[in-house]
Every structure is written in C-alpha cells, then in structure tokens.
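Since the structure comes first, as structure tokens, the remarks are kept for the end.
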Amino acid sequence: MLSLLVREGEWVTAATLADALGVTPRSIRSYVTAVNARVPSGAAIESGPSGYRAGVDAAAALRASAAADAGTPRDRLHTLVRALLNDPAGIDVFETADELHVSPATLEADLGRVRSLLGGTGITLERSASIARLRGTEVAQRRLLSSLAHDEMEAGAFDFDALRRSLGGSSMGANVFGPFKPALVARMGELGYYVNEFGIADVLMHIAITADRASQGRSLEATTGSPISEDRRMVAEVLDGLVHEHIGVDLGHGDLDHLAILVLTRVVAPGAAAPSERARENLDPQLEQVVREIVQDAASEFLVDIAHEDFVVRLALHVQNLRQRAAAQAWSRNPLTRSLKTSYPMVFEVAVFIAGQLHERLGIPLLDDEIAYIAMHVGGRLERSRRSEQLLTATIVCPGYYELHELLRSSVDRSLGRAIEVIGVDTRADPDWDAIHTDLVLSTIDPPAPSERIVRVQPFLTESDVDRVQGAASRIRRGRRLARLRADLARYFVAGAFSRELAAAGSEEDAIRLLGAPLVAEGVIDQDYIERAIHREQLSSTAFTDALAVPHAIGMTATRTAISVGVSESSIAWGDSRVQVVALVAFSESDRAAFQTVFEQFVEVFSERESVQRIVRRSTDLAGFLDELAAVIDG
C-alpha cells in the first residue's frame, strides 16, 4: 500500500486502495495505522477528506518496513538459505532451529519451502539424518544469492540494507556502492563505452557477491579453451585493480572473467568514442541479419520510422548480449518498465513485437524488464526521427517599438523552438484577431475576448510566460488527440460487444474469450485471432495502466477495426496488476493508422483514476459507456 501511495504522489481514496490491493477499506485503515506506527513522527501517510497520500516520512517507513520484516517467514526462509549457502558441509537442523528460535517441525516446513525456491536453479537440497546441505555449481549458488537480494528489494530501487542481508551482514555491498561505482563508470568511459545506469546496480551486486564468496575461498575456476577477446581482457584488468583498491579482495582469473562478461553484456554499450568497426567486430553477422529483418517487419507492421542502420546495429549488439544473459538466466532489471508501459504503450507494443520475433527466430525468452530495454531503443530512435509536423504553429502579436518584436521572436525561438514554430508576427496595436489562424497566438496586448489558444506574454519573455505557453500547447495537442479519439471510437465499438460480467471471468484467457465472442459473431475476427490475442498476452501483460488492459493479437487480420469492452466495479487480477476495464481490440490491415491513434490515446484516457471510476460506475450498457467516455474526453 505504501509503495502504491509513493508511486501515485497524490490523494487516493480508501476504496481505490482497497480495490487495488484486493482487500476491504477497513483493512486499509488498519494498514495506515500500522505504517505510521513505524516512524517516530507518525507522518508516513497523511489522511484527509480525499483519502490518503504519502507523507514526508514515507521513505523512512519503507525502510522501517524492511527491518520490521526480519521475523517474518520470508526472512526466516532467506536466513536459512544463506546459512546453507555459507556452509558447504551443511547445517544441523536441530541446532539451526534453536538459533532461529523455532521448533524443529517449523524448520522442517521451512526446508520444504527451500526446495520449492530451488526449482529451476540447478541446485538441490540434500538431507542426511539431521544434516541438510545444498548441492550445485558456484555460479548457480551466486545466482540464488542475487535472487534473494532482488526479492528483498522494493521494485525499481536498490536497497543497500537488502544487499547486506542477502550477504549475511557482509560489508562488501557498502564498499562496492561507495567510490567503486564512480571509478568503474569513469574507467568504462575512458575505454569508449556508454554505461547503462539502470543495469549497473545489478552488476555491482554481483561484484559484491563475488568479492564476498572469494573472501571465503569460494572462487570460480578459470575457463580454458576459447580465447578471451581484447575487450574482456581490458575490462577484467580494470575490475582487478578497482576491486583490490576499493574492496581489498584479490580475485582470480575465473571471477574476473565472469565479472568482465557481466559488465560487457549488461551495463555497457559502444559509445561515440568507439570506432564503428570496433563496435561491430564481435557482432554475429547472422544475428545482425535476423535483427535487421525483424526491425523491417516491425517498421512495416506499425508504420514507425525505425529501420535505420545505426538503430539496427545498436539493437543487434543489445540482442547479442541479451542472448548471453538468457543462456545464463541472468536477466537485467529495469526500473522504468512500469512507466514505459503506461506512458508509451505504442513504443512498448513495438518492443513486444520485436521480442516475440526474437523468441520465435532465436529462441530467446524475454521478461517485461528486458522488453522495456528494447522499448528504450525503439523510443530513442523514434524521438530522433520525430517529424516536424508535430510542431504547433504560432503568431506573435507585439505592437512595434524599435526592435521589440524581433527580440520577442528571438526569445520565443530560443525557449520554445522545440514546441512551436512562429510563422507570423503582427506589430499592429489593433490586429485582425479573426484573421489569425495559427494554433497559438502569443500576444503582448489583451485580446478582445479570451481564448484557449491566445496566451498573454510580456514583451521580454519570462520563465512564467514560457511555462504558460507550454501549458497551452500541451492542452491543444491533448484536445486534438482526444477529439480524434472520440470520432474514432464512435466507429470502432460494436453493438452488443459490452459486458459488465468481467469479474466472472476466471482468468485473462477467459476474459479474452468472453469479449471476443461478440466480435466473432459479427464476423470481425475468427477464433484464430482470439488464440493469438491469448498468445500475445502471454508474451507481456497488456495492463497498460492501473485500471486498463488492452488485449489484442499481433497481426492486423480483422475484417475491420473493432473494440469489445468489459468493465468491473471491483478490480480483477490481470498479470501482475489489477484492472477494472478490459478492451479487446481487433485491428484490420486497412486501418493501421488507427492502431496508433486508438491505442495510445485510449490508454491516456484511462490513466486518470477519477475518470476510470466515473466511467465504470455509470456505464450500465455500451451507450452509457460511450457517453461517459465522451464526457471524460471533452474534459
């Protein structure tokens, strides 16, 4: 609950919180009391007529929550796993039960949970009389340690205390996150690499784990056979010196090579200083060709301008590293996954398409965090190729006095040139306001009647003027997008394709079949489209906001673009989220442009909690849903 309030940053009602967490409003009140009791000020969560919001001590309460979990079953489980990892000879079940102040029966139950935790890790739990021990490679055991740390961290943040707990109280984490990190970033820059700050925390955690295990005599054996690349050798040398200087541990060749591979595949990419030949010399040409074909398919499927050589090469380098991470099951976390999915659903959808193709053609399974990194590549490319027609046009009205209007235009171009394009200047004291047809009018004199597109500015542009112009530009852009959306939605909704029985669906698959049935009956889609929509959902959840899921199939095979909607007054589980509105969208080949318009802007409407509650509460049928949706769009 506290994490949700911190993320929202505004007032949230008890009913909304209860719905998001799947509990009662009474439980929410109890939670608030418990959270505030964990900080001396009692100000972790503020209460008011509008509900609850994160207070000044919310961050302190989150840290206190982690400490307060020390006696929970999860913490006891992690303590038990760390004890098993630290003692190759095994632990005595009865002695460990006494140390943890639990009965032998409770510890036996915990060992059963340990076995469940080890599934798929390559580690097994062996038992001989009262002795329990773990069996598995050193790499697998280190991977398990990092998994414990991730489980103890708040999603999207790196908690040093959690890392210390995962290392059993070792100070290695504090050393690594001290001067070691900036020193590593600086040295990587000197070698001609960009550093991925979002992924570096994960690698620093592995460095701390490696140093801790090596100090206990648990080093990795050096690999033999395949030659080591020059890049790996240089990075290993850097790591060797930095670990010795800042952590006081000497690592062997096996550990240094392992860490060099982690750095090269998870946190660095060739920078501008690195020659293009060097960036591509170790790139698998077959993989590059596959990525090129996938990018071309994505550009054609979504009508996006990403088929550029620099984009293909950088994405191919990323995919090559990704393939190595997948082989080692060493996934990278991405703290921007949630915000990318919510704020840029179209970009994320292109990334899902690319990820699906990578899985089909290269056998790389991708998690949402890894898809988000692909989305960052896609978004960066689209930002660079953004079309100039996105600029709003503007006219400056500034009665002439010497060069005053020229100074104002120069200031506008300098401060607002990326948002608006000045195409006219009127220096009369009585301009013909009706003859000005640009998107915005920036005027140093009052107009005869107020207008949303006319912004009063000072002759010498101030920061508040810039803020007001940017605000007006944003409102105009949003109004136009939503107006187009309203017109599109009237065409795309199908009579009868509306359900208030969404809560009765037992799963995402059941909901997709429920909403797909009326579209099949109308001949808009066939059963194959529904199956592909279910497959798309398995690739990555389509819950793009805290309230809305937009399931759909990859491939625009519907006879026409259509939408089927289901609503539920109480939220339902959807992937890792909970939603109240599910819109199954079927797109046709002839309506590709609608994909971007409807998809992004439909998500935008449902990103506001109050709008969602109003639409859900008042929508008794499709006509009512459309009326409320139109009212929200019109503001």
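Residues are named by chain letter and number: chains run A, B, ... in the order of the structure tokens, numbers start at 1 in each chain, and ligands are numbered from 1 in the order shown.
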Checklist entry - Neighbours of A:Pro49 within 10 Å (only C-alpha atoms; same-chain residues fewer than 2 positions away dropped), as a ChimeraX atom specification? => result /A:11,13,47,51-52
Checklist entry - Which polymer residues have any atom within 8 Å of an atom of stretch 363-380 of chain A, counting only C-alpha atoms, with same-chain residues fewer than 2 positions away left out, as a list of chain:residue names? => result A:Ile306, A:Phe311, A:Leu315, A:Arg323, A:Ala326, A:Trp331, A:Ser332, A:Arg333, A:Asn334, A:Pro335, A:Leu336, A:Thr337, A:Leu340, A:Lys341, A:Val347, A:Phe348, A:Val350, A:Ala351, A:Val352, A:Ala355, A:Leu358, A:His359, A:Glu360, A:Arg361, A:Leu382, A:Glu383, A:Arg384, A:Leu539, A:Ser540
Can you write out the residues you just picked, keeping C-alpha atoms, as a PDB file, in the first residue's frame?
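Output below, filename out.pdb:
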ATOM      1  CA  ILE A 306      12.979   2.685 -37.034  1.00  0.00           C
ATOM      2  CA  PHE A 311      19.412   1.528 -34.829  1.00  0.00           C
ATOM      3  CA  LEU A 315      19.839  -3.231 -31.247  1.00  0.00           C
ATOM      4  CA  ARG A 323      21.205 -13.897 -25.794  1.00  0.00           C
ATOM      5  CA  ALA A 326      19.264 -15.568 -21.459  1.00  0.00           C
ATOM      6  CA  TRP A 331      18.184 -11.158 -16.546  1.00  0.00           C
ATOM      7  CA  SER A 332      18.575  -7.402 -16.175  1.00  0.00           C
ATOM      8  CA  ARG A 333      16.057  -5.461 -14.108  1.00  0.00           C
ATOM      9  CA  ASN A 334      14.666  -2.199 -15.462  1.00  0.00           C
ATOM     10  CA  PRO A 335      13.207   0.370 -13.024  1.00  0.00           C
ATOM     11  CA  LEU A 336      11.437   2.150 -15.911  1.00  0.00           C
ATOM     12  CA  THR A 337       9.386  -0.851 -17.056  1.00  0.00           C
ATOM     13  CA  LEU A 340       7.400   2.972 -20.129  1.00  0.00           C
ATOM     14  CA  LYS A 341       4.440   0.643 -20.438  1.00  0.00           C
ATOM     15  CA  VAL A 347       6.501   2.100 -28.206  1.00  0.00           C
ATOM     16  CA  PHE A 348       6.176  -0.792 -25.772  1.00  0.00           C
ATOM     17  CA  VAL A 350       6.566  -2.343 -30.962  1.00  0.00           C
ATOM     18  CA  ALA A 351       9.080  -3.729 -28.458  1.00  0.00           C
ATOM     19  CA  VAL A 352       6.754  -6.659 -27.666  1.00  0.00           C
ATOM     20  CA  ALA A 355      10.620  -9.558 -28.563  1.00  0.00           C
ATOM     21  CA  LEU A 358      13.337 -12.757 -31.276  1.00  0.00           C
ATOM     22  CA  HIS A 359      11.748 -15.580 -29.322  1.00  0.00           C
ATOM     23  CA  GLU A 360      10.466 -17.292 -32.480  1.00  0.00           C
ATOM     24  CA  ARG A 361      13.634 -16.914 -34.530  1.00  0.00           C
ATOM     25  CA  LEU A 382      11.544   7.470 -32.778  1.00  0.00           C
ATOM     26  CA  GLU A 383      12.481  10.547 -30.783  1.00  0.00           C
ATOM     27  CA  ARG A 384      15.394  11.225 -33.142  1.00  0.00           C
ATOM     28  CA  LEU A 539       4.387 -12.525 -24.035  1.00  0.00           C
ATOM     29  CA  SER A 540       3.749  -9.473 -21.859  1.00  0.00           C
TER      30      SER A 540
END
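Take the candidates A:Ala83, A:Met188, A:Ala511, A:Thr559 and check each one against A:Glu537 using only C-alpha atoms; the shortest distance goes to A:Ala511.
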Next on the checklist: Please report the interatomic distance between atom CA of A:Ala299 and atom CA of A:Phe602 in Å with one decimal.
Outcome noted: 22.0 Å
Using only C-alpha atoms, what does the table of stretch 305-343 of chain A residues within 10 Å of stretch 252-261 of chain A look like, with each row giving the shortest atom pair and its distance in Å to one decimal, sorted by chain and ascending number, as a tab-separated table?
residue	atom	partner	partner_atom	distance
A:Asn321	CA	A:Ile261	CA	9.3
A:Gln324	CA	A:Ile261	CA	9.1
A:Arg325	CA	A:Ile261	CA	9.7
Next on the checklist: Need the shell around stretch 476-487 of chain A: protein/DNA/RNA residues with any atom at most 12 Å away, counting only C-alpha atoms. Skip same-chain ones fewer than 3 positions apart. Format as JSON, numbers by chain?
Outcome noted: {"A": [390, 391, 392, 393, 419, 420, 438, 439, 440, 451, 452, 453, 454, 469, 470, 471, 472, 473, 490, 491, 492, 493, 593, 594, 595, 596, 597, 598, 599, 600, 601, 602, 603, 604, 605, 606, 626, 627, 628, 629, 630, 631, 632, 633, 634, 635]}
